$ cat structure_2.cif   # mmCIF, C-alpha atoms
data_data
loop_
_atom_site.label_atom_id
_atom_site.label_comp_id
_atom_site.auth_asym_id
_atom_site.auth_seq_id
_atom_site.Cartn_x
_atom_site.Cartn_y
_atom_site.Cartn_z
CA MET S 1423 -41.84 18.80 45.25
CA LEU S 1424 -39.56 21.01 43.22
CA THR S 1425 -41.69 23.41 41.19
CA PRO S 1426 -44.60 25.57 42.39
CA PHE S 1427 -47.72 26.25 40.35
CA THR S 1428 -47.18 29.96 40.99
CA ILE S 1429 -43.87 30.71 39.37
CA THR S 1430 -43.47 34.25 40.66
CA PRO S 1431 -40.88 36.72 39.37
CA GLY S 1432 -38.95 36.23 42.64
CA TRP S 1433 -38.96 32.44 42.35
CA LEU S 1434 -37.87 32.61 38.72
CA ASP S 1435 -35.13 35.14 39.50
CA SER S 1436 -33.71 32.89 42.22
CA TYR S 1437 -33.93 29.82 39.96
CA LEU S 1438 -32.24 31.50 36.98
CA LYS S 1439 -29.43 32.97 39.09
CA SER S 1440 -28.70 29.54 40.55
CA ARG S 1441 -28.71 27.93 37.10
CA GLN S 1442 -26.36 30.62 35.74
CA ASP S 1443 -24.03 29.96 38.67
CA GLY S 1444 -23.86 26.31 37.62
CA THR S 1445 -26.25 24.86 40.19
CA PRO S 1446 -27.94 21.65 38.93
CA ASP S 1447 -31.59 22.03 37.99
CA ARG S 1448 -33.03 20.11 40.95
CA GLU S 1449 -31.01 22.06 43.52
CA ALA S 1450 -31.83 25.37 41.78
CA ARG S 1451 -35.56 24.61 42.01
CA VAL S 1452 -35.32 23.60 45.67
CA GLY S 1453 -33.33 26.75 46.46
CA ALA S 1454 -35.88 28.93 44.67
CA CYS S 1455 -38.70 27.30 46.66
CA VAL S 1456 -36.88 27.87 49.92
CA ALA S 1457 -36.13 31.50 48.99
CA ALA S 1458 -39.78 32.08 48.01
CA GLY S 1459 -41.15 30.25 51.06
CA THR S 1460 -42.98 27.66 48.95
CA THR S 1461 -44.37 24.79 51.06
CA GLY S 1462 -47.48 22.66 51.36
CA LYS S 1463 -50.57 23.83 49.52
CA SER S 1464 -48.69 26.66 47.81
CA PHE S 1465 -47.28 24.09 45.36
CA ALA S 1466 -50.79 23.77 43.92
CA ARG S 1467 -51.91 27.41 44.08
CA CYS S 1468 -51.43 30.26 41.65
CA ARG S 1469 -52.40 33.93 41.72
CA ILE S 1470 -53.30 35.70 38.50
CA ALA S 1471 -54.66 39.24 38.15
CA SER S 1472 -58.30 38.14 38.53
CA GLY S 1473 -57.84 35.86 41.54
CA GLY S 1474 -56.50 32.45 42.45
CA LEU S 1475 -56.30 29.06 40.77
CA THR S 1476 -55.76 25.74 42.51
CA VAL S 1477 -54.77 22.44 40.93
CA PRO S 1478 -56.66 19.63 42.67
CA VAL S 1479 -54.63 16.56 43.58
CA GLU S 1480 -55.56 13.09 44.80
CA GLY S 1481 -55.91 13.28 48.56
CA GLY S 1482 -56.81 16.97 48.45
CA ALA S 1483 -55.33 19.72 50.58
CA HIS S 1484 -54.50 17.24 53.34
CA ALA S 1485 -52.11 15.43 50.98
CA LEU S 1486 -50.30 18.69 50.21
CA LYS S 1487 -49.68 19.65 53.84
CA SER S 1488 -46.53 17.52 53.95
CA ALA S 1489 -45.08 18.86 50.67
CA ARG S 1490 -41.68 20.48 51.19
CA PRO S 1491 -39.10 21.73 48.70
CA GLY S 1492 -37.05 18.78 47.49
CA SER S 1493 -39.27 16.10 49.01
CA PRO S 1494 -40.03 13.10 46.80
CA PHE S 1495 -43.75 13.68 47.39
CA ASP S 1496 -45.53 14.17 44.06
CA PRO S 1497 -49.31 13.71 44.21
CA PRO S 1498 -51.26 12.65 41.13
CA LEU S 1499 -53.57 15.22 39.57
CA SER S 1500 -57.23 14.78 40.39
CA ASP S 1501 -59.84 14.49 37.67
CA HIS S 1502 -62.50 15.69 40.09
CA GLY S 1503 -64.55 18.55 38.72
CA LYS S 1504 -63.83 20.64 35.66
CA TRP S 1505 -60.78 22.46 36.98
CA ARG S 1506 -58.93 22.46 33.64
CA ARG S 1507 -61.82 24.17 31.87
CA GLU S 1508 -62.27 26.60 34.77
CA HIS S 1509 -58.54 27.45 34.77
CA LEU S 1510 -58.46 28.01 31.01
CA GLY S 1511 -61.58 30.17 31.30
CA ALA S 1512 -59.87 32.26 33.98
CA TRP S 1513 -56.72 32.66 31.87
CA HIS S 1514 -58.89 33.73 28.91
CA ALA S 1515 -61.08 36.11 30.91
CA THR S 1516 -58.09 37.75 32.58
CA TYR S 1517 -55.56 38.01 29.78
CA SER S 1518 -57.32 37.67 26.39
CA ARG S 1519 -56.83 41.38 25.65
CA THR S 1520 -53.12 41.46 26.45
CA PRO S 1521 -50.57 41.78 23.63
CA TYR S 1522 -49.00 38.33 23.94
CA PHE S 1523 -52.11 36.28 24.74
CA ALA S 1524 -52.57 34.85 21.24
CA HIS S 1525 -48.94 33.74 21.16
CA LEU S 1526 -48.53 32.36 24.70
CA MET S 1527 -51.93 30.84 25.45
CA PRO S 1528 -51.61 27.91 23.00
CA ASP S 1529 -48.53 26.74 24.92
CA ILE S 1530 -50.43 26.88 28.22
CA GLU S 1531 -53.42 25.11 26.67
CA GLN S 1532 -51.11 22.35 25.47
CA VAL S 1533 -49.95 21.71 29.05
CA TYR S 1534 -53.55 21.52 30.27
CA ALA S 1535 -54.50 19.21 27.39
CA ALA S 1536 -51.57 16.89 28.12
CA SER S 1537 -52.70 16.70 31.76
CA GLU S 1538 -56.08 15.25 30.86
CA MET S 1539 -55.03 12.71 28.25
CA PRO S 1540 -54.31 9.12 29.15
CA GLU S 1541 -50.65 8.30 28.53
CA GLU S 1542 -51.34 6.27 25.39
CA THR S 1543 -53.33 9.04 23.66
CA VAL S 1544 -50.93 11.96 23.99
CA ALA S 1545 -50.27 13.31 20.50
CA GLU S 1546 -46.80 13.28 18.98
CA GLY S 1547 -45.03 16.53 19.79
CA ALA S 1548 -47.11 17.22 22.90
CA VAL S 1549 -45.45 18.63 26.00
CA SER S 1550 -44.54 15.17 27.26
CA SER S 1551 -44.68 11.94 25.32
CA GLY S 1552 -46.02 10.17 28.43
CA GLY S 1553 -48.68 12.72 29.33
CA ILE S 1554 -48.83 14.72 32.53
CA SER S 1555 -50.22 12.86 35.51
CA THR S 1556 -48.67 14.45 38.62
CA LEU S 1557 -48.51 17.93 40.10
CA GLU S 1558 -44.74 18.17 39.64
CA GLU S 1559 -45.01 17.18 35.96
CA PHE S 1560 -47.74 19.78 35.45
CA ASN S 1561 -45.83 22.56 37.20
CA SER S 1562 -42.57 21.60 35.44
CA ALA S 1563 -44.31 21.72 32.06
CA LEU S 1564 -45.53 25.25 32.84
CA LEU S 1565 -41.98 26.22 33.87
CA GLY S 1566 -40.86 24.85 30.50
CA VAL S 1567 -43.31 27.21 28.79
CA VAL S 1568 -41.92 30.15 30.76
CA LEU S 1569 -38.32 29.27 29.94
CA SER S 1570 -39.12 28.80 26.26
CA TRP S 1571 -40.38 32.41 26.21
CA LEU S 1572 -37.37 33.97 27.92
CA ASP S 1573 -34.01 34.42 26.23
CA THR S 1574 -31.77 33.88 29.22
CA ASP S 1575 -28.72 33.91 26.94
CA ALA S 1576 -29.32 37.64 26.34
CA LEU S 1577 -28.32 38.39 29.92
CA ARG S 1578 -25.09 36.43 29.59
CA THR S 1579 -24.08 37.95 26.27
CA ASP S 1580 -24.86 41.58 27.08
CA PRO S 1581 -25.63 42.40 30.73
CA ARG S 1582 -25.90 46.11 29.78
CA ILE S 1583 -29.23 45.29 28.12
CA HIS S 1584 -30.57 44.31 31.52
CA ARG S 1585 -29.34 47.47 33.21
CA ARG S 1586 -30.87 49.62 30.47
CA MET S 1587 -34.27 47.86 30.44
CA HIS S 1588 -34.63 46.97 34.13
CA PRO S 1589 -35.89 50.28 35.64
CA GLU S 1590 -38.89 50.82 33.39
CA ILE S 1591 -40.02 47.20 33.29
CA THR S 1592 -39.76 46.57 37.04
CA LEU S 1593 -42.58 49.06 37.51
CA LEU S 1594 -44.87 46.52 35.82
CA VAL S 1595 -44.04 43.65 38.18
CA GLU S 1596 -46.48 42.41 40.80
CA ASP S 1597 -44.40 40.07 42.92
CA ASP S 1598 -47.23 37.89 44.18
CA LEU S 1599 -48.69 37.17 40.72
CA SER S 1600 -47.56 34.42 38.37
CA ILE S 1601 -44.79 35.27 35.91
CA PHE S 1602 -47.41 34.52 33.24
CA ASP S 1603 -49.06 37.83 34.14
CA LEU S 1604 -45.93 39.63 33.00
CA LEU S 1605 -45.42 37.37 29.98
CA PHE S 1606 -48.94 38.06 28.74
CA ARG S 1607 -48.40 41.81 29.11
CA ILE S 1608 -44.81 42.34 27.87
CA GLY S 1609 -43.76 38.99 26.39
CA PRO S 1610 -40.09 37.96 26.38
CA ASP S 1611 -39.07 41.33 27.85
CA ALA S 1612 -40.36 39.94 31.17
CA LEU S 1613 -36.82 38.63 31.63
CA PHE S 1614 -35.66 42.20 32.22
CA ALA S 1615 -38.02 42.56 35.18
CA LEU S 1616 -35.90 40.13 37.14
CA ASN S 1617 -33.13 41.46 39.37
CA PRO S 1618 -29.74 41.90 37.66
#
$ encode --input "structure_2.cif" --output "structure tokens"
Amino acid sequence: MLTPFTITPGWLDSYLKSRQDGTPDREARVGACVAAGTTGKSFARCRIASGGLTVPVEGGAHALKSARPGSPFDPPLSDHGKWRREHLGAWHATYSRTPYFAHLMPDIEQVYAASEMPEETVAEGAVSSGGISTLEEFNSALLGVVLSWLDTDALRTDPRIHRRMHPEITLLVEDDLSIFDLLFRIGPDALFALNP
């Protein structure tokens, strides 16, 4: 496993710093997981402001116990229950009144939709032309949504922007919540909540 379901500000900060230092993507993800202490069931769990979400996988929690950063283990998503609908309902109930909800939620919904479509029915232009069938694919697609919302080039071109914005925005960060919490509330400026 390389990417957790809960992409916290700390995980993302570690990942982006490694990528900016020239670390290949895979190694940057593994390093971020090690730094954040991501192992086992935490690859399938996420905390949002209203509580927790868990992505069910084939084999259940027992299958996730052996998941370690960088391991080739990648369990298929389970179709048991109505977890996608429950997750989307939780995202809506928690964040529908935030400023960036209407802009960000369609991207998240697209990831969830791609995870329930058989490979041959995924629409052109969807998150992945082959659909999303495993936990790593699902989590990576959500990381793709996060990265598409953050202008990481801004930090490289003018680091003074970060120093100017960092103090007031860091007050909004809750380290144990998903980075989506911050994105829903302050949009692309969430980048400035990360450590310089």
$ closest_residue --input "structure_2.cif" --among "S:Leu1438, S:Ala1483, S:Val1477, S:Thr1461" --to "S:Leu1572" --atoms "all atoms listed in the file"
S:Leu1438
$ residues_around --input "structure_2.cif" --residues "S:Arg1448" --least-positions-apart "2" --cutoff "12 Å" --atoms "all atoms listed in the file" --output "mmCIF file with C-alpha atoms, in the coordinates of the input"
data_model
loop_
_atom_site.group_PDB
_atom_site.id
_atom_site.type_symbol
_atom_site.label_atom_id
_atom_site.label_comp_id
_atom_site.auth_asym_id
_atom_site.auth_seq_id
_atom_site.Cartn_x
_atom_site.Cartn_y
_atom_site.Cartn_z
ATOM 1 C CA MET S 1423 -41.840 18.800 45.250
ATOM 2 C CA LEU S 1424 -39.560 21.010 43.220
ATOM 3 C CA THR S 1425 -41.690 23.410 41.190
ATOM 4 C CA TYR S 1437 -33.930 29.820 39.960
ATOM 5 C CA SER S 1440 -28.700 29.540 40.550
ATOM 6 C CA ARG S 1441 -28.710 27.930 37.100
ATOM 7 C CA GLY S 1444 -23.860 26.310 37.620
ATOM 8 C CA THR S 1445 -26.250 24.860 40.190
ATOM 9 C CA PRO S 1446 -27.940 21.650 38.930
ATOM 10 C CA ALA S 1450 -31.830 25.370 41.780
ATOM 11 C CA ARG S 1451 -35.560 24.610 42.010
ATOM 12 C CA VAL S 1452 -35.320 23.600 45.670
ATOM 13 C CA GLY S 1453 -33.330 26.750 46.460
ATOM 14 C CA ALA S 1454 -35.880 28.930 44.670
ATOM 15 C CA CYS S 1455 -38.700 27.300 46.660
ATOM 16 C CA PRO S 1491 -39.100 21.730 48.700
ATOM 17 C CA GLY S 1492 -37.050 18.780 47.490
ATOM 18 C CA SER S 1493 -39.270 16.100 49.010
ATOM 19 C CA PRO S 1494 -40.030 13.100 46.800
ATOM 20 C CA GLU S 1558 -44.740 18.170 39.640
ATOM 21 C CA SER S 1562 -42.570 21.600 35.440
#
$ atom_distance --input "structure_2.cif" --atom1 "atom CA of S:Ser1488" --atom2 "atom CA of S:Asp1501"
21.2 Å
$ resolve_selection --input "structure_2.cif" --expression "the PyMOL selection byres ((chain S and resi 1468) around 9)" --output "MDAnalysis selection string"
chainID S and resid 1426:1430 1464:1467 1469:1470 1473:1477 1599:1600
$ atom_distance --input "structure_2.cif" --atom1 "atom CA of S:Gly1459" --atom2 "atom CA of S:Met1527"
27.8 Å
$ closest_residue --input "structure_2.cif" --among "S:Lys1439, S:His1509, S:Lys1463, S:Arg1607" --to "S:Leu1557" --atoms "all atoms listed in the file"
S:Lys1463
$ residues_near_point --input "structure_2.cif" --point "(-52.8, 38.5, 32.5)" --cutoff "8 Å" --atoms "all atoms listed in the file" --output "ChimeraX atom specification"
/S:1470-1471,1513,1516-1518,1520,1602-1607
$ closest_residue --input "structure_2.cif" --among "S:Phe1614, S:Pro1497, S:Leu1434, S:Lys1487" --to "S:Leu1569" --atoms "all atoms listed in the file"
S:Leu1434
$ residues_around --input "structure_2.cif" --residues "S:Glu1559" --least-positions-apart "2" --cutoff "10 Å" --atoms "only C-alpha atoms" --output "mmCIF file with C-alpha atoms, keeping the file's coordinate frame"
data_model
loop_
_atom_site.group_PDB
_atom_site.id
_atom_site.type_symbol
_atom_site.label_atom_id
_atom_site.label_comp_id
_atom_site.auth_asym_id
_atom_site.auth_seq_id
_atom_site.Cartn_x
_atom_site.Cartn_y
_atom_site.Cartn_z
ATOM 1 C CA MET S 1423 -41.840 18.800 45.250
ATOM 2 C CA LEU S 1424 -39.560 21.010 43.220
ATOM 3 C CA THR S 1425 -41.690 23.410 41.190
ATOM 4 C CA ASP S 1496 -45.530 14.170 44.060
ATOM 5 C CA PRO S 1497 -49.310 13.710 44.210
ATOM 6 C CA PRO S 1498 -51.260 12.650 41.130
ATOM 7 C CA LEU S 1499 -53.570 15.220 39.570
ATOM 8 C CA VAL S 1533 -49.950 21.710 29.050
ATOM 9 C CA SER S 1537 -52.700 16.700 31.760
ATOM 10 C CA SER S 1550 -44.540 15.170 27.260
ATOM 11 C CA GLY S 1553 -48.680 12.720 29.330
ATOM 12 C CA ILE S 1554 -48.830 14.720 32.530
ATOM 13 C CA SER S 1555 -50.220 12.860 35.510
ATOM 14 C CA THR S 1556 -48.670 14.450 38.620
ATOM 15 C CA LEU S 1557 -48.510 17.930 40.100
ATOM 16 C CA ASN S 1561 -45.830 22.560 37.200
ATOM 17 C CA SER S 1562 -42.570 21.600 35.440
ATOM 18 C CA ALA S 1563 -44.310 21.720 32.060
ATOM 19 C CA LEU S 1564 -45.530 25.250 32.840
ATOM 20 C CA LEU S 1565 -41.980 26.220 33.870
#
$ atom_distance --input "structure_2.cif" --atom1 "atom CA of S:Ala1615" --atom2 "atom CA of S:Val1595"
6.8 Å
$ closest_residue --input "structure_2.cif" --among "S:Gly1462, S:Pro1521, S:Pro1478, S:Gly1609" --to "S:Phe1495" --atoms "all atoms listed in the file"
S:Gly1462
